[in-house]
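Asks: Have a peek at protein-v7.json (JSON, C-alpha atoms).
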```json
[["chain", "number", "residue", "atom", "x", "y", "z"],
["A", 1, "MET", "CA", 5.29, 9.67, 15.17],
["A", 2, "SER", "CA", 4.92, 10.13, 11.44],
["A", 3, "LEU", "CA", 7.32, 12.07, 9.28],
["A", 4, "PHE", "CA", 4.68, 14.75, 8.81],
["A", 5, "SER", "CA", 4.13, 15.13, 12.55],
["A", 6, "ALA", "CA", 7.88, 15.41, 13.08],
["A", 7, "LEU", "CA", 8.20, 18.05, 10.37],
["A", 8, "LYS", "CA", 5.33, 20.00, 11.85],
["A", 9, "ARG", "CA", 6.97, 19.97, 15.29],
["A", 10, "VAL", "CA", 10.39, 20.96, 13.94],
["A", 11, "LEU", "CA", 9.14, 23.63, 11.56],
["A", 12, "GLY", "CA", 6.43, 24.90, 13.89],
["A", 13, "GLY", "CA", 3.76, 24.78, 11.22],
["A", 14, "ALA", "CA", 2.00, 22.43, 8.92],
["A", 15, "ALA", "CA", 4.25, 20.39, 6.66],
["A", 16, "PRO", "CA", 3.48, 21.02, 2.99],
["A", 17, "ILE", "CA", 1.10, 18.45, 1.57],
["A", 18, "GLY", "CA", 1.68, 17.42, -2.02],
["A", 19, "PRO", "CA", 0.05, 14.93, -4.38],
["A", 20, "ALA", "CA", 2.16, 12.00, -3.12],
["A", 21, "ASP", "CA", 1.14, 12.83, 0.45],
["A", 22, "MET", "CA", -2.54, 12.91, -0.51],
["A", 23, "LEU", "CA", -2.25, 9.65, -2.44],
["A", 24, "TYR", "CA", -0.42, 7.89, 0.37],
["A", 25, "ALA", "CA", -3.04, 9.10, 2.87],
["A", 26, "ALA", "CA", -5.75, 7.67, 0.58],
["A", 27, "VAL", "CA", -3.83, 4.36, 0.39],
["A", 28, "VAL", "CA", -3.76, 4.14, 4.19],
["A", 29, "ARG", "CA", -7.46, 5.09, 4.47],
["A", 30, "GLU", "CA", -8.40, 2.34, 2.00],
["A", 31, "ALA", "CA", -6.11, -0.15, 3.72],
["A", 32, "ARG", "CA", -7.77, 0.59, 7.07],
["A", 33, "ARG", "CA", -11.33, 0.30, 5.71],
["A", 34, "PRO", "CA", -13.09, -2.05, 8.17],
["A", 35, "ASP", "CA", -14.60, -4.23, 5.41],
["A", 36, "TRP", "CA", -11.15, -5.64, 4.63],
["A", 37, "TYR", "CA", -10.88, -6.93, 8.19],
["A", 38, "LEU", "CA", -14.52, -7.99, 8.56],
["A", 39, "ALA", "CA", -15.74, -9.37, 5.22],
["A", 40, "GLY", "CA", -12.22, -10.11, 4.01],
["A", 41, "GLU", "CA", -11.02, -11.51, 7.32],
["A", 42, "VAL", "CA", -7.61, -9.84, 6.95],
["A", 43, "PRO", "CA", -5.95, -10.15, 10.37],
["A", 44, "ASP", "CA", -6.27, -6.84, 12.22],
["A", 45, "THR", "CA", -2.69, -7.05, 13.44],
["A", 46, "MET", "CA", 0.50, -5.14, 12.67],
["A", 47, "ASP", "CA", 1.28, -7.68, 9.95],
["A", 48, "GLY", "CA", -2.25, -7.57, 8.55],
["A", 49, "ARG", "CA", -2.28, -3.76, 8.44],
["A", 50, "PHE", "CA", 1.14, -3.77, 6.77],
["A", 51, "ASP", "CA", -0.10, -6.32, 4.22],
["A", 52, "MET", "CA", -3.14, -4.17, 3.45],
["A", 53, "ILE", "CA", -1.07, -1.03, 2.93],
["A", 54, "ALA", "CA", 1.31, -3.05, 0.74],
["A", 55, "LEU", "CA", -1.63, -4.38, -1.33],
["A", 56, "VAL", "CA", -3.26, -1.01, -1.97],
["A", 57, "LEU", "CA", 0.08, 0.74, -2.55],
["A", 58, "SER", "CA", 1.14, -2.04, -4.93],
["A", 59, "LEU", "CA", -2.04, -1.65, -6.97],
["A", 60, "LEU", "CA", -1.49, 2.11, -7.20],
["A", 61, "MET", "CA", 2.16, 1.66, -8.18],
["A", 62, "LEU", "CA", 1.19, -0.91, -10.82],
["A", 63, "ARG", "CA", -1.25, 1.63, -12.26],
["A", 64, "LEU", "CA", 1.56, 4.18, -12.39],
["A", 65, "GLU", "CA", 3.75, 1.64, -14.21],
["A", 66, "THR", "CA", 1.27, 1.63, -17.09],
["A", 67, "GLU", "CA", 2.09, 5.29, -17.70],
["A", 68, "THR", "CA", 5.85, 5.00, -17.88],
["A", 69, "ALA", "CA", 6.21, 2.55, -20.79],
["A", 70, "GLY", "CA", 9.74, 1.87, -19.56],
["A", 71, "ARG", "CA", 10.64, 5.57, -19.42],
["A", 72, "ALA", "CA", 12.32, 6.46, -16.15],
["A", 73, "ASP", "CA", 11.85, 10.17, -16.95],
["A", 74, "HIS", "CA", 8.04, 9.97, -16.98],
["A", 75, "PRO", "CA", 6.33, 11.87, -14.11],
["A", 76, "ALA", "CA", 4.61, 8.61, -13.06],
["A", 77, "ALA", "CA", 8.01, 7.12, -12.21],
["A", 78, "ALA", "CA", 8.83, 10.10, -9.99],
["A", 79, "LEU", "CA", 5.42, 9.88, -8.32],
["A", 80, "SER", "CA", 5.93, 6.17, -7.68],
["A", 81, "ALA", "CA", 9.31, 6.92, -6.08],
["A", 82, "LEU", "CA", 7.71, 9.59, -3.86],
["A", 83, "LEU", "CA", 5.04, 7.09, -2.78],
["A", 84, "ALA", "CA", 7.78, 4.61, -1.86],
["A", 85, "GLU", "CA", 9.44, 7.36, 0.21],
["A", 86, "ARG", "CA", 6.14, 8.03, 2.01],
["A", 87, "PHE", "CA", 5.81, 4.30, 2.69],
["A", 88, "ILE", "CA", 9.34, 4.18, 4.15],
["A", 89, "ALA", "CA", 8.69, 7.24, 6.33],
["A", 90, "ASP", "CA", 5.39, 5.79, 7.55],
["A", 91, "MET", "CA", 6.90, 2.39, 8.35],
["A", 92, "ASP", "CA", 9.90, 4.04, 10.04],
["A", 93, "GLY", "CA", 7.59, 6.11, 12.22],
["A", 94, "ASN", "CA", 5.46, 3.11, 13.12],
["A", 95, "LEU", "CA", 8.48, 1.01, 14.03],
["A", 96, "ARG", "CA", 9.90, 3.74, 16.24],
["A", 97, "GLN", "CA", 6.50, 4.30, 17.86],
["A", 98, "ASP", "CA", 6.41, 0.59, 18.67],
["A", 99, "GLY", "CA", 9.76, 0.88, 20.42],
["A", 100, "ILE", "CA", 12.09, -0.47, 17.74],
["A", 101, "GLY", "CA", 15.50, 1.10, 18.28],
["A", 102, "ASP", "CA", 17.67, 2.98, 15.80],
["A", 103, "GLN", "CA", 20.08, 0.10, 15.41],
["A", 104, "VAL", "CA", 17.52, -2.27, 13.89],
["A", 105, "VAL", "CA", 15.02, 0.06, 12.20],
["A", 106, "GLY", "CA", 17.04, -0.02, 8.98],
["A", 107, "LYS", "CA", 16.94, -3.82, 8.82],
["A", 108, "HIS", "CA", 13.18, -3.81, 9.36],
["A", 109, "ILE", "CA", 12.71, -1.16, 6.67],
["A", 110, "GLY", "CA", 14.87, -3.19, 4.28],
["A", 111, "ARG", "CA", 12.69, -6.25, 4.85],
["A", 112, "MET", "CA", 9.53, -4.20, 4.41],
["A", 113, "MET", "CA", 10.77, -2.76, 1.12],
["A", 114, "ALA", "CA", 11.68, -6.26, -0.06],
["A", 115, "ALA", "CA", 8.20, -7.42, 0.93],
["A", 116, "LEU", "CA", 6.62, -4.53, -0.99],
["A", 117, "GLY", "CA", 8.73, -5.40, -4.03],
["A", 118, "GLY", "CA", 7.71, -9.05, -3.78],
["A", 119, "ARG", "CA", 4.07, -8.11, -3.60],
["A", 120, "LEU", "CA", 4.41, -5.79, -6.59],
["A", 121, "GLY", "CA", 5.84, -8.69, -8.56],
["A", 122, "ALA", "CA", 3.18, -11.16, -7.38],
["A", 123, "TYR", "CA", 0.27, -8.84, -8.17],
["A", 124, "ARG", "CA", 1.84, -7.85, -11.50],
["A", 125, "ASP", "CA", 2.31, -11.53, -12.40],
["A", 126, "ALA", "CA", -1.29, -12.33, -11.43],
["A", 127, "GLY", "CA", -2.53, -9.96, -14.12],
["A", 128, "GLY", "CA", -6.18, -10.69, -14.88],
["A", 129, "ASP", "CA", -6.07, -14.25, -13.53],
["A", 130, "ASP", "CA", -8.30, -14.37, -10.44],
["A", 131, "SER", "CA", -6.92, -17.70, -9.25],
["A", 132, "ALA", "CA", -3.35, -16.36, -9.46],
["A", 133, "LEU", "CA", -4.44, -13.24, -7.58],
["A", 134, "ALA", "CA", -6.16, -15.39, -4.95],
["A", 135, "ALA", "CA", -2.97, -17.41, -4.52],
["A", 136, "ALA", "CA", -0.88, -14.22, -4.19],
["A", 137, "LEU", "CA", -3.32, -12.75, -1.68],
["A", 138, "ALA", "CA", -3.41, -15.98, 0.35],
["A", 139, "ARG", "CA", 0.39, -16.06, 0.46],
["A", 140, "ASN", "CA", 0.75, -12.39, 1.38],
["A", 141, "MET", "CA", -2.33, -11.35, 3.35],
["A", 142, "TRP", "CA", -2.73, -14.42, 5.49],
["A", 143, "ARG", "CA", 0.87, -15.61, 5.27],
["A", 144, "GLY", "CA", -0.13, -18.87, 3.55],
["A", 145, "VAL", "CA", -3.11, -19.73, 5.75],
["A", 146, "PRO", "CA", -6.06, -18.07, 4.00],
["A", 147, "PRO", "CA", -9.47, -17.60, 5.56],
["A", 148, "GLY", "CA", -12.60, -19.24, 4.21],
["A", 149, "ASP", "CA", -13.41, -19.17, 0.52],
["A", 150, "ASP", "CA", -15.96, -16.37, 0.92],
["A", 151, "ALA", "CA", -13.43, -14.03, 2.53],
["A", 152, "LEU", "CA", -10.75, -14.82, -0.04],
["A", 153, "GLU", "CA", -13.22, -14.30, -2.91],
["A", 154, "TRP", "CA", -14.29, -11.01, -1.32],
["A", 155, "CYS", "CA", -10.68, -9.82, -1.21],
["A", 156, "VAL", "CA", -10.14, -10.81, -4.85],
["A", 157, "ARG", "CA", -13.30, -8.88, -5.86],
["A", 158, "GLU", "CA", -12.26, -5.83, -3.84],
["A", 159, "SER", "CA", -8.75, -5.94, -5.29],
["A", 160, "ARG", "CA", -10.24, -6.11, -8.79],
["A", 161, "ARG", "CA", -12.57, -3.21, -7.92],
["A", 162, "LEU", "CA", -9.56, -1.12, -6.86],
["A", 163, "MET", "CA", -7.66, -2.10, -10.01],
["A", 164, "ALA", "CA", -10.62, -1.13, -12.20],
["A", 165, "ALA", "CA", -11.02, 2.21, -10.43],
["A", 166, "LEU", "CA", -7.31, 2.92, -10.84],
["A", 167, "THR", "CA", -7.36, 1.88, -14.50],
["A", 168, "ALA", "CA", -10.35, 4.15, -15.16],
["A", 169, "SER", "CA", -8.61, 7.13, -13.55],
["A", 170, "ASP", "CA", -6.63, 9.42, -15.77],
["A", 171, "PHE", "CA", -3.02, 10.03, -14.87],
["A", 172, "ALA", "CA", -3.52, 13.78, -14.52],
["A", 173, "GLY", "CA", -6.00, 13.22, -11.69],
["A", 174, "ILE", "CA", -3.75, 10.71, -9.97],
["A", 175, "ALA", "CA", -0.73, 13.01, -10.41],
["A", 176, "ALA", "CA", -2.74, 15.79, -8.77],
["A", 177, "GLY", "CA", -3.25, 13.58, -5.73],
["A", 178, "THR", "CA", -6.75, 12.31, -6.45],
["A", 179, "ALA", "CA", -7.15, 8.65, -5.58],
["A", 180, "PRO", "CA", -10.15, 6.78, -6.97],
["A", 181, "PHE", "CA", -10.67, 4.95, -3.70]]
```
Before anything else, please render the file you have as structure tokens.
Replies:
Amino acid sequence: MSLFSALKRVLGGAAPIGPADMLYAAVVREARRPDWYLAGEVPDTMDGRFDMIALVLSLLMLRLETETAGRADHPAAALSALLAERFIADMDGNLRQDGIGDQVVGKHIGRMMAALGGRLGAYRDAGGDDSALAAALARNMWRGVPPGDDALEWCVRESRRLMAALTASDFAGIAAGTAPF
């Protein structure tokens, strides 16, 4: 059960939906787009779906980083933190739905946050270098055993397409909850 479903049950009505909620929902929609799993050959497994959400969320968070210029008080920093909270709530709900008990959920969430941080660093470090991005994707999406060259190249192109769409989007639109994907 997701955080939003739980809130709706407890409060008896619809949980308020804000820009971070809308952005995170768009991240998940993009991460679940069938082309990633068909043309890109991303494994359609729990790990593969996690890796896709981490990729798309990382790209969005990297776009938000460009707004902050090192200023922790910038609204983009707060939005990035809210997106991380949505990610944690989503992963927590998925783990519990899959039968992971209270005693170990925290450890799993800690590992997932570390994995998200690692991916942020890898995709940030790749910058505009397609071969570095391909290496980061191979390491993260297929856990070091990438698919054929065509699928890997497709994922690099799609990642670059998402980056370009995010770069072309103004912060005001993103802050209002409008995702370019």
Asks: Can you tell me which residues surround Ala168 of chain A at a distance of at most 10 Å, considering only C-alpha atoms, apart from same-chain residues fewer than 5 positions away, and format the answer as an MDAnalysis selection string?
Replies: chainID A and resid 63 162:163 180
Asks: Here is a test: counting only C-alpha atoms, which residue of A:Met91, A:Leu62, A:Ala115, A:Leu133 is nearest to Ala77 of chain A?
Replies: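 Going through A:Met91, A:Leu62, A:Ala115, A:Leu133 one by one, the smallest distance to Ala77 of chain A is for A:Leu62.
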Asks: Would you mind telling me which residue in A:Ala164, A:Ala151, A:Met22, A:Leu120 lies nearest to Ala136 of chain A when using only C-alpha atoms?
Replies: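 Checking each of A:Ala164, A:Ala151, A:Met22, A:Leu120 against Ala136 of chain A, counting only C-alpha atoms, the winner is A:Leu120.
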Asks: Return the single residue from A:Ala20, A:Thr45, A:Met113, A:Pro146 that is closest to Ala76 of chain A, with distances computed using all atoms listed in the file.
Replies: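 Once distances to Ala76 of chain A are computed over all atoms listed in the file, the minimum belongs to A:Ala20.
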Asks: State, in Å with one decimal place, the distance from atom CA of Val56 of chain A to atom CA of Asp170 of chain A.
Replies: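 Separating atom CA of Val56 of chain A from atom CA of Asp170 of chain A is a distance of 17.6 Å.
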Asks: How many Å separate atom CA of Trp36 of chain A from atom CA of Leu57 of chain A?
Replies: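 That distance, rounded to one decimal, is 14.8 Å.
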Asks: Can you work out which one of A:Ala25, A:Ala39, A:Ala89, A:Leu116 has the shortest atom-to-atom distance to Trp154 of chain A, counting only C-alpha atoms?
Replies: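 Once distances to Trp154 of chain A are computed over only C-alpha atoms, the minimum belongs to A:Ala39.
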Asks: In Å, with one decimal, what is the gap from atom CA of Phe87 of chain A to atom CA of Pro147 of chain A?
Replies: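 These two atoms are separated by 26.9 Å.
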Asks: Which of these, A:Leu82, A:Ile88, A:Leu64, A:Leu55, has the shortest distance to Val156 of chain A once you count only C-alpha atoms?
Replies: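 Looking at the shortest contact to Val156 of chain A, the residue is A:Leu55.
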Asks: At a cut-off of 7 Å, using all atoms listed in the file, what residues contact Met141 of chain A? Leave out same-chain residues fewer than 5 positions from it and give the result as a ChimeraX atom specification.
Replies: /A:42,48,51
Asks: Please dump the current selection as a compact mmCIF listing (two decimals), keeping the file's coordinate frame; keep C-alpha atoms.
Replies:
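File selection_27.txt, as written:
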```txt
# COMPACT_ATOMS: atom_id res chain seq x y z
CA VAL A 42 -7.61 -9.84 6.95
CA GLY A 48 -2.25 -7.57 8.55
CA ASP A 51 -0.10 -6.32 4.22
```
Asks: Find the residues around Asp35 of chain A up to 12 Å (all atoms listed in the file counted), leave out those fewer than 3 positions away in its own chain, and share them as a count of residues only.
Replies: 16
Asks: Would you kindly return, as a ChimeraX atom specification, each protein, DNA or RNA residue with an atom no farther than 12 Å from any atom of Glu65 of chain A, considering all atoms listed in the file and excluding same-chain residues fewer than 3 positions away?
Replies: /A:58-62,68-72,74-81,120-121,124,166-167,171
Asks: Could you please fill out segment 157-175 of chain A with N, CA, C and O atoms and send it back as a short mmCIF file (atom, residue, chain, number, x, y, z; two decimals), in the frame of the given file?
Replies:
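Listed below is the output, out07.cif:
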```
data_model
loop_
_atom_site.label_atom_id
_atom_site.label_comp_id
_atom_site.auth_asym_id
_atom_site.auth_seq_id
_atom_site.Cartn_x
_atom_site.Cartn_y
_atom_site.Cartn_z
N ARG A 157 -12.35 -9.84 -5.24
CA ARG A 157 -13.30 -8.88 -5.86
C ARG A 157 -12.93 -7.44 -5.51
O ARG A 157 -12.95 -6.56 -6.38
N GLU A 158 -12.62 -7.19 -4.25
CA GLU A 158 -12.26 -5.83 -3.84
C GLU A 158 -10.96 -5.37 -4.49
O GLU A 158 -10.82 -4.21 -4.88
N SER A 159 -10.01 -6.28 -4.61
CA SER A 159 -8.75 -5.94 -5.29
C SER A 159 -9.02 -5.60 -6.75
O SER A 159 -8.47 -4.63 -7.28
N ARG A 160 -9.87 -6.39 -7.39
CA ARG A 160 -10.24 -6.11 -8.79
C ARG A 160 -10.99 -4.79 -8.90
O ARG A 160 -10.80 -4.04 -9.86
N ARG A 161 -11.84 -4.48 -7.91
CA ARG A 161 -12.57 -3.21 -7.92
C ARG A 161 -11.58 -2.04 -7.85
O ARG A 161 -11.69 -1.07 -8.60
N LEU A 162 -10.58 -2.16 -6.96
CA LEU A 162 -9.56 -1.12 -6.86
C LEU A 162 -8.78 -0.99 -8.16
O LEU A 162 -8.51 0.13 -8.63
N MET A 163 -8.41 -2.13 -8.74
CA MET A 163 -7.66 -2.10 -10.01
C MET A 163 -8.47 -1.40 -11.10
O MET A 163 -7.94 -0.59 -11.85
N ALA A 164 -9.76 -1.74 -11.18
CA ALA A 164 -10.62 -1.13 -12.20
C ALA A 164 -10.75 0.38 -11.98
O ALA A 164 -10.70 1.16 -12.94
N ALA A 165 -10.91 0.79 -10.72
CA ALA A 165 -11.02 2.21 -10.43
C ALA A 165 -9.72 2.94 -10.79
O ALA A 165 -9.76 4.04 -11.34
N LEU A 166 -8.60 2.32 -10.50
CA LEU A 166 -7.31 2.92 -10.84
C LEU A 166 -7.13 2.99 -12.36
O LEU A 166 -6.66 4.00 -12.88
N THR A 167 -7.49 1.92 -13.04
CA THR A 167 -7.36 1.88 -14.50
C THR A 167 -8.24 2.95 -15.15
O THR A 167 -7.83 3.58 -16.13
N ALA A 168 -9.42 3.16 -14.60
CA ALA A 168 -10.35 4.15 -15.16
C ALA A 168 -9.95 5.58 -14.86
O ALA A 168 -10.46 6.51 -15.47
N SER A 169 -9.05 5.78 -13.92
CA SER A 169 -8.61 7.13 -13.55
C SER A 169 -7.53 7.62 -14.49
O SER A 169 -6.60 6.88 -14.81
N ASP A 170 -7.66 8.87 -14.90
CA ASP A 170 -6.63 9.42 -15.77
C ASP A 170 -5.40 9.79 -14.94
O ASP A 170 -5.51 10.10 -13.75
N PHE A 171 -4.27 9.75 -15.57
CA PHE A 171 -3.02 10.03 -14.87
C PHE A 171 -2.99 11.43 -14.29
O PHE A 171 -2.48 11.65 -13.19
N ALA A 172 -3.55 12.40 -15.00
CA ALA A 172 -3.52 13.78 -14.52
C ALA A 172 -4.19 13.89 -13.15
O ALA A 172 -3.70 14.58 -12.26
N GLY A 173 -5.31 13.20 -12.97
CA GLY A 173 -6.00 13.22 -11.69
C GLY A 173 -5.17 12.55 -10.61
O GLY A 173 -5.07 13.06 -9.48
N ILE A 174 -4.59 11.40 -10.94
CA ILE A 174 -3.75 10.71 -9.97
C ILE A 174 -2.53 11.58 -9.61
O ILE A 174 -2.19 11.73 -8.45
N ALA A 175 -1.91 12.18 -10.63
CA ALA A 175 -0.73 13.01 -10.41
C ALA A 175 -1.06 14.25 -9.57
O ALA A 175 -0.20 14.77 -8.87
#
```
